[in-house]
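Pasted below: protein01.tsv, TSV, C-alpha atoms and all ligand atoms.
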```
chain	number	residue	atom	x	y	z
A	1	MET	CA	-24.65	154.48	-101.14
A	2	LYS	CA	-24.54	151.72	-103.76
A	3	ILE	CA	-24.10	152.64	-107.43
A	4	ALA	CA	-24.21	150.25	-110.40
A	5	VAL	CA	-22.90	151.17	-113.85
A	6	SER	CA	-24.34	149.51	-116.93
A	7	GLY	CA	-24.78	149.92	-120.69
A	8	LYS	CA	-23.89	148.23	-123.98
A	9	GLY	CA	-20.47	146.58	-124.35
A	10	GLY	CA	-17.73	149.07	-125.24
A	11	VAL	CA	-19.61	152.27	-124.34
A	12	GLY	CA	-17.20	153.13	-121.54
A	13	LYS	CA	-18.64	151.52	-118.39
A	14	THR	CA	-15.26	150.47	-117.03
A	15	THR	CA	-13.59	153.77	-117.86
A	16	PHE	CA	-16.44	155.66	-116.21
A	17	SER	CA	-16.86	153.52	-113.09
A	18	GLY	CA	-13.11	153.29	-112.41
A	19	THR	CA	-12.61	157.01	-112.87
A	20	LEU	CA	-15.64	157.89	-110.74
A	21	ALA	CA	-14.33	155.60	-107.98
A	22	MET	CA	-10.92	157.32	-108.07
A	23	ILE	CA	-12.47	160.78	-108.00
A	24	LEU	CA	-14.60	159.92	-104.96
A	25	ALA	CA	-11.65	158.30	-103.17
A	26	ALA	CA	-9.46	161.34	-103.85
A	27	GLU	CA	-12.13	163.47	-102.20
A	28	GLY	CA	-11.49	161.48	-99.05
A	29	ARG	CA	-14.41	159.09	-99.30
A	30	SER	CA	-14.10	155.43	-98.60
A	31	VAL	CA	-14.87	153.67	-101.89
A	32	LEU	CA	-15.43	150.00	-102.63
A	33	ALA	CA	-15.13	149.33	-106.36
A	34	VAL	CA	-16.74	146.04	-107.41
A	35	ASP	CA	-15.92	144.39	-110.72
A	36	SER	CA	-18.78	142.10	-111.65
A	37	ASP	CA	-17.79	141.83	-115.31
A	38	PRO	CA	-16.23	138.41	-116.11
A	39	SER	CA	-13.57	140.19	-118.20
A	40	MET	CA	-12.25	141.66	-114.92
A	41	ASN	CA	-10.55	144.79	-116.24
A	42	LEU	CA	-11.74	147.43	-113.78
A	43	HIS	CA	-8.38	147.19	-111.99
A	44	SER	CA	-6.56	148.99	-114.81
A	45	ALA	CA	-8.87	152.00	-114.56
A	46	LEU	CA	-8.00	152.11	-110.85
A	47	GLY	CA	-4.28	151.44	-111.03
A	48	LEU	CA	-4.69	148.48	-108.68
A	49	GLU	CA	-3.72	144.83	-108.97
A	50	ASN	CA	-6.56	142.36	-109.37
A	51	PRO	CA	-7.24	140.52	-106.10
A	52	THR	CA	-8.22	136.85	-106.19
A	53	PRO	CA	-11.68	136.73	-107.77
A	54	ILE	CA	-14.29	135.70	-105.20
A	55	SER	CA	-15.66	132.97	-107.47
A	56	GLU	CA	-12.30	131.17	-107.21
A	57	LEU	CA	-12.58	130.77	-103.43
A	58	LYS	CA	-14.43	127.53	-104.00
A	59	GLU	CA	-13.69	125.86	-100.68
A	60	MET	CA	-14.75	128.84	-98.60
A	61	ILE	CA	-17.84	129.36	-100.74
A	62	SER	CA	-18.85	125.75	-100.41
A	63	GLU	CA	-18.34	125.79	-96.62
A	64	ARG	CA	-20.46	128.89	-96.24
A	65	THR	CA	-23.11	128.23	-98.86
A	66	VAL	CA	-23.89	124.55	-99.23
A	67	LEU	CA	-26.22	123.00	-96.70
A	68	GLU	CA	-26.53	119.31	-96.00
A	69	GLY	CA	-28.57	117.78	-98.78
A	70	GLY	CA	-27.15	120.20	-101.34
A	71	ALA	CA	-29.44	123.20	-100.82
A	72	PHE	CA	-27.96	126.70	-100.57
A	73	LYS	CA	-27.99	128.91	-97.53
A	74	LEU	CA	-29.71	132.15	-98.48
A	75	ASN	CA	-27.78	134.15	-95.94
A	76	PRO	CA	-24.13	133.00	-95.90
A	77	LYS	CA	-21.54	134.99	-93.98
A	78	VAL	CA	-20.23	137.71	-96.30
A	79	ASP	CA	-19.32	140.64	-94.07
A	80	ASP	CA	-15.62	139.79	-93.87
A	81	ILE	CA	-15.20	139.43	-97.65
A	82	PRO	CA	-14.30	143.02	-98.68
A	83	GLU	CA	-11.69	143.33	-95.94
A	84	ARG	CA	-10.08	139.97	-96.70
A	85	PHE	CA	-10.28	139.72	-100.45
A	86	SER	CA	-9.91	143.19	-101.94
A	87	SER	CA	-6.84	145.01	-103.11
A	88	LYS	CA	-6.49	148.41	-101.51
A	89	LYS	CA	-4.85	151.75	-101.95
A	90	ASP	CA	-5.63	154.76	-99.78
A	91	GLY	CA	-9.41	155.04	-99.49
A	92	LEU	CA	-10.05	152.73	-102.42
A	93	SER	CA	-10.68	148.96	-102.39
A	94	LEU	CA	-11.31	146.66	-105.33
A	95	LEU	CA	-13.36	143.50	-105.08
A	96	VAL	CA	-13.51	141.21	-108.11
A	97	MET	CA	-16.44	138.82	-108.46
A	98	GLY	CA	-14.94	136.62	-111.19
A	99	THR	CA	-16.64	134.23	-113.55
A	100	VAL	CA	-19.20	131.57	-112.87
A	101	GLU	CA	-20.27	128.98	-115.37
A	102	LYS	CA	-23.67	129.79	-116.68
A	103	GLY	CA	-25.88	126.78	-117.22
A	104	GLY	CA	-28.53	126.85	-119.92
A	105	SER	CA	-31.36	127.70	-117.55
A	106	GLY	CA	-29.34	129.96	-115.29
A	107	CYS	CA	-26.57	128.91	-112.96
A	108	ILE	CA	-27.34	127.13	-109.73
A	109	CYS	CA	-23.76	126.53	-108.67
A	110	PRO	CA	-22.63	127.54	-105.17
A	111	GLU	CA	-20.39	130.29	-106.60
A	112	SER	CA	-23.32	131.98	-108.24
A	113	ALA	CA	-25.46	131.68	-105.10
A	114	PHE	CA	-22.63	133.12	-103.02
A	115	LEU	CA	-21.95	136.07	-105.35
A	116	LYS	CA	-25.64	136.94	-105.32
A	117	ALA	CA	-25.74	136.76	-101.54
A	118	LEU	CA	-22.62	138.92	-101.38
A	119	LEU	CA	-24.22	141.65	-103.50
A	120	ARG	CA	-27.43	141.43	-101.52
A	121	HIS	CA	-26.03	141.41	-98.00
A	122	LEU	CA	-22.88	143.46	-98.30
A	123	VAL	CA	-23.25	146.15	-95.68
A	124	LEU	CA	-21.33	149.33	-96.27
A	125	LYS	CA	-19.70	151.30	-93.54
A	126	LYS	CA	-21.26	154.66	-92.94
A	127	GLU	CA	-20.38	157.11	-95.72
A	128	GLU	CA	-18.83	154.32	-97.80
A	129	ILE	CA	-19.65	154.31	-101.51
A	130	LEU	CA	-19.86	151.18	-103.62
A	131	VAL	CA	-19.35	151.54	-107.38
A	132	MET	CA	-20.07	148.38	-109.36
A	133	ASP	CA	-18.93	147.88	-112.95
A	134	THR	CA	-21.21	145.36	-114.62
A	135	GLU	CA	-21.14	143.28	-117.76
A	136	ALA	CA	-23.28	144.55	-120.62
A	137	GLY	CA	-26.65	143.17	-119.52
A	138	ILE	CA	-28.24	143.42	-116.10
A	139	GLU	CA	-30.43	140.37	-116.61
A	140	HIS	CA	-28.51	138.56	-113.88
A	141	LEU	CA	-29.41	141.25	-111.33
A	142	GLY	CA	-32.53	139.94	-109.67
A	143	ARG	CA	-34.94	142.08	-107.71
A	144	ASN	CA	-33.49	141.15	-104.36
A	145	ILE	CA	-30.07	142.44	-105.42
A	146	ALA	CA	-31.30	145.42	-107.40
A	147	GLU	CA	-33.35	146.86	-104.59
A	148	LYS	CA	-30.15	147.26	-102.56
A	149	PHE	CA	-28.80	149.69	-105.15
A	150	ASP	CA	-29.59	153.37	-104.80
A	151	LEU	CA	-28.57	154.35	-108.29
A	152	MET	CA	-28.07	152.82	-111.73
A	153	ILE	CA	-25.93	154.86	-114.11
A	154	VAL	CA	-26.47	153.83	-117.72
A	155	VAL	CA	-23.56	154.80	-119.96
A	156	CYS	CA	-24.54	155.43	-123.57
A	157	GLU	CA	-22.62	156.39	-126.71
A	158	PRO	CA	-24.20	158.03	-129.75
A	159	SER	CA	-25.29	154.90	-131.62
A	160	GLU	CA	-28.64	153.25	-132.21
A	161	LYS	CA	-27.52	150.03	-130.51
A	162	ALA	CA	-26.22	151.78	-127.41
A	163	VAL	CA	-29.44	153.75	-127.11
A	164	ASP	CA	-31.51	150.56	-127.50
A	165	THR	CA	-29.53	148.90	-124.72
A	166	ALA	CA	-29.80	151.97	-122.50
A	167	ARG	CA	-33.59	151.98	-122.89
A	168	ARG	CA	-33.76	148.30	-122.09
A	169	VAL	CA	-31.51	148.68	-119.03
A	170	HIS	CA	-33.65	151.58	-117.83
A	171	ARG	CA	-36.87	149.59	-118.17
A	172	LEU	CA	-35.40	146.52	-116.51
A	173	SER	CA	-33.83	148.54	-113.67
A	174	LYS	CA	-37.19	150.09	-112.91
A	175	GLU	CA	-38.93	146.71	-113.08
A	176	ILE	CA	-36.55	145.13	-110.59
A	177	GLY	CA	-36.78	148.03	-108.20
A	178	ILE	CA	-33.73	150.25	-108.56
A	179	ARG	CA	-34.77	153.57	-107.14
A	180	ARG	CA	-33.03	156.00	-109.47
A	181	VAL	CA	-31.81	155.40	-113.02
A	182	VAL	CA	-29.79	158.06	-114.86
A	183	ALA	CA	-27.93	158.25	-118.17
A	184	VAL	CA	-24.45	159.49	-118.99
A	185	GLY	CA	-23.47	160.18	-122.62
A	186	ASN	CA	-19.93	159.11	-123.55
A	187	LYS	CA	-17.72	159.56	-126.65
A	188	ILE	CA	-19.65	162.69	-127.57
A	189	SER	CA	-18.08	164.77	-130.34
A	190	ASN	CA	-20.73	167.44	-130.94
A	191	GLN	CA	-24.07	168.81	-129.84
A	192	ALA	CA	-26.01	166.73	-132.37
A	193	GLN	CA	-24.66	163.54	-130.80
A	194	GLU	CA	-25.64	164.65	-127.32
A	195	ASP	CA	-29.09	165.63	-128.59
A	196	PHE	CA	-29.46	162.23	-130.29
A	197	ILE	CA	-29.02	160.44	-126.97
A	198	LYS	CA	-31.10	162.90	-124.93
A	199	THR	CA	-33.99	162.65	-127.38
A	200	ALA	CA	-33.85	158.87	-127.55
A	201	LEU	CA	-33.81	158.35	-123.79
A	202	ASN	CA	-36.84	159.24	-121.75
A	203	PHE	CA	-35.11	159.39	-118.39
A	204	GLU	CA	-32.79	161.69	-116.47
A	205	TYR	CA	-29.63	162.71	-118.35
A	206	LEU	CA	-26.79	163.45	-115.96
A	207	GLY	CA	-24.13	164.79	-118.33
A	208	SER	CA	-21.84	164.17	-121.28
A	209	ILE	CA	-18.27	162.96	-121.59
A	210	PRO	CA	-16.45	163.99	-124.77
A	211	PHE	CA	-14.68	161.63	-127.12
A	212	ASP	CA	-11.09	162.01	-125.89
A	213	SER	CA	-7.97	160.41	-127.36
A	214	LEU	CA	-6.35	160.56	-123.90
A	215	VAL	CA	-8.82	157.87	-122.81
A	216	ILE	CA	-7.38	155.62	-125.50
A	217	GLU	CA	-3.85	156.60	-124.55
A	218	ALA	CA	-4.56	155.77	-120.90
A	219	ASP	CA	-5.98	152.43	-121.99
A	220	MET	CA	-2.94	151.59	-124.13
A	221	SER	CA	-0.53	152.58	-121.33
A	222	ARG	CA	-2.59	150.63	-118.77
A	223	LYS	CA	-2.78	153.72	-116.62
A	224	PRO	CA	-5.85	155.14	-114.93
A	225	LEU	CA	-7.49	157.99	-116.82
A	226	TYR	CA	-7.44	159.72	-113.44
A	227	THR	CA	-3.69	160.31	-113.86
A	228	TYR	CA	-4.26	162.27	-117.11
A	229	LEU	CA	-4.95	165.61	-115.49
A	230	ASP	CA	-5.51	167.43	-118.79
A	231	SER	CA	-8.05	164.93	-120.06
A	232	PRO	CA	-11.35	166.58	-121.09
A	233	ALA	CA	-13.09	163.26	-120.37
A	234	LEU	CA	-11.71	163.25	-116.81
A	235	LYS	CA	-12.92	166.81	-116.29
A	236	SER	CA	-16.40	165.84	-117.45
A	237	ILE	CA	-16.52	162.82	-115.15
A	238	GLN	CA	-15.48	165.13	-112.30
A	239	LYS	CA	-18.38	167.40	-113.17
A	240	ILE	CA	-20.78	164.47	-113.32
A	241	SER	CA	-19.56	163.36	-109.90
A	242	GLU	CA	-20.32	166.84	-108.53
A	243	THR	CA	-23.78	166.76	-110.07
A	244	LEU	CA	-24.37	163.38	-108.46
A	245	GLN	CA	-23.41	164.59	-105.02
A	246	GLY	CA	-24.98	168.02	-105.35
B	301	LIG	N1	-14.63	159.25	-123.87
B	301	LIG	C1	-13.92	158.38	-124.61
B	301	LIG	N2	-13.18	158.79	-125.66
B	301	LIG	C2	-12.47	157.91	-126.41
B	301	LIG	N3	-12.43	156.59	-126.19
B	301	LIG	C3	-13.14	156.10	-125.15
B	301	LIG	C4	-13.92	156.96	-124.30
B	301	LIG	N4	-14.51	156.17	-123.36
B	301	LIG	C5	-14.10	154.91	-123.60
B	301	LIG	N5	-13.27	154.84	-124.66
B	301	LIG	C6	-12.64	153.64	-125.24
B	301	LIG	O1	-13.65	152.72	-125.58
B	301	LIG	C7	-13.26	151.40	-125.28
B	301	LIG	C8	-14.27	150.74	-124.36
B	301	LIG	O2	-14.24	151.38	-123.10
B	301	LIG	P1	-14.57	150.57	-121.76
B	301	LIG	O3	-14.54	151.55	-120.64
B	301	LIG	O4	-13.71	149.37	-121.65
B	301	LIG	O5	-16.07	150.14	-122.09
B	301	LIG	P2	-17.00	148.99	-121.44
B	301	LIG	O6	-16.51	148.74	-120.07
B	301	LIG	O7	-18.37	149.57	-121.50
B	301	LIG	O8	-16.87	147.79	-122.34
B	301	LIG	C9	-11.87	151.49	-124.68
B	301	LIG	O9	-10.93	151.19	-125.67
B	301	LIG	C10	-11.76	152.92	-124.22
B	301	LIG	O10	-10.43	153.38	-124.26
B	302	MG	MG	-15.97	146.96	-119.17
```
Would you put the structure from the file into structure tokens?
Ligand SMILES: Nc1ncnc2c1ncn2[C@@H]1O[C@H](COP(=O)(O)OP(=O)(O)O)[C@@H](O)[C@H]1O
Ligand SMILES: [Mg+2]
Amino acid sequence: MKIAVSGKGGVGKTTFSGTLAMILAAEGRSVLAVDSDPSMNLHSALGLENPTPISELKEMISERTVLEGGAFKLNPKVDDIPERFSSKKDGLSLLVMGTVEKGGSGCICPESAFLKALLRHLVLKKEEILVMDTEAGIEHLGRNIAEKFDLMIVVCEPSEKAVDTARRVHRLSKEIGIRRVVAVGNKISNQAQEDFIKTALNFEYLGSIPFDSLVIEADMSRKPLYTYLDSPALKSIQKISETLQG
């Protein structure tokens, strides 16, 4: 199962995807968390060290990707990447994509070609779950990558901008062939805020996460929210995880 998490900047994508990954791993599942946001901060939500970002493995990427004459191989070897280049703890692994320079008309560097191939061809072990934290937009996710994802979770906070982005992500996800797109409301303080999001979005609403100062405390202490057992936000993410699996 491959899950992508998206939404406007600052809505709680990293908090949500990291915490979901930890919940699933604690249930005994094998989880591959993928950080595809150039700011590379998913590790702190997981309590793991950042591994070397894949985009920095320039020599290996070039060997595997660049053909004679400068064209790119569409199907480079990628199956050994998670095992070799992730940081791991118990059932949880973290793979960090890193940054690639974006040219004006889209990047055609080997790193970008390799990262795309990695997302497209990464084969999960049976029962393994991939949770990918993305940067704010999903414009970079082409159809051939998107169709490999089973689920897009759009995180949304109660604001006009977040709702606009969520709608756009929903439309785009559908256009590029992601099978199921659902919304999660975050930083919700009352019923009116939940209703605002539900009314504005015309697709499946999975559940709400309350505004919770323990999330901010976890962030400031660089500790996973998962370690704050009394956190109302954690409890809600646990419930959302159950809904997802049920
Ligand atoms: N439920 C919540 N309650 C309070 N603060 C939150 C909540 N979710 C996220 N935050 C805070 O919002 C900020 C952005 O969260 P983050 O997960 O980094 O968002 P994104 O990855 O979408 O940019 C962080 O400072 C985080 O602590
Ligand atoms: Mg983030």
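Considering the residues A:Glu127, A:Glu135, A:Glu49, A:Glu242 and counting only C-alpha atoms, Leu206 in chain A has its shortest atom-to-atom contact with A:Glu242.
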Residues within 9 Å of ligand LIG 301 (chain B), counting all atoms listed in the file, as an MDAnalysis selection string: chainID A and resid 6:18 37 41:42 45 133:136 155:157 185:188 209:220 232:234
Between CA of Thr52 in chain A and CA of Leu95 in chain A - distance in Å to one decimal: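 Value for the CA of Leu95 in chain A-CA of Thr52 in chain A distance: 8.5 Å.
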Interatomic distance (Å, one decimal) between CA of Gly177 in chain A and CA of Glu147 in chain A: 5.1 Å
Atom pair CA of Arg120 in chain A / CA of Ala166 in chain A: separation (Å): 23.6 Å
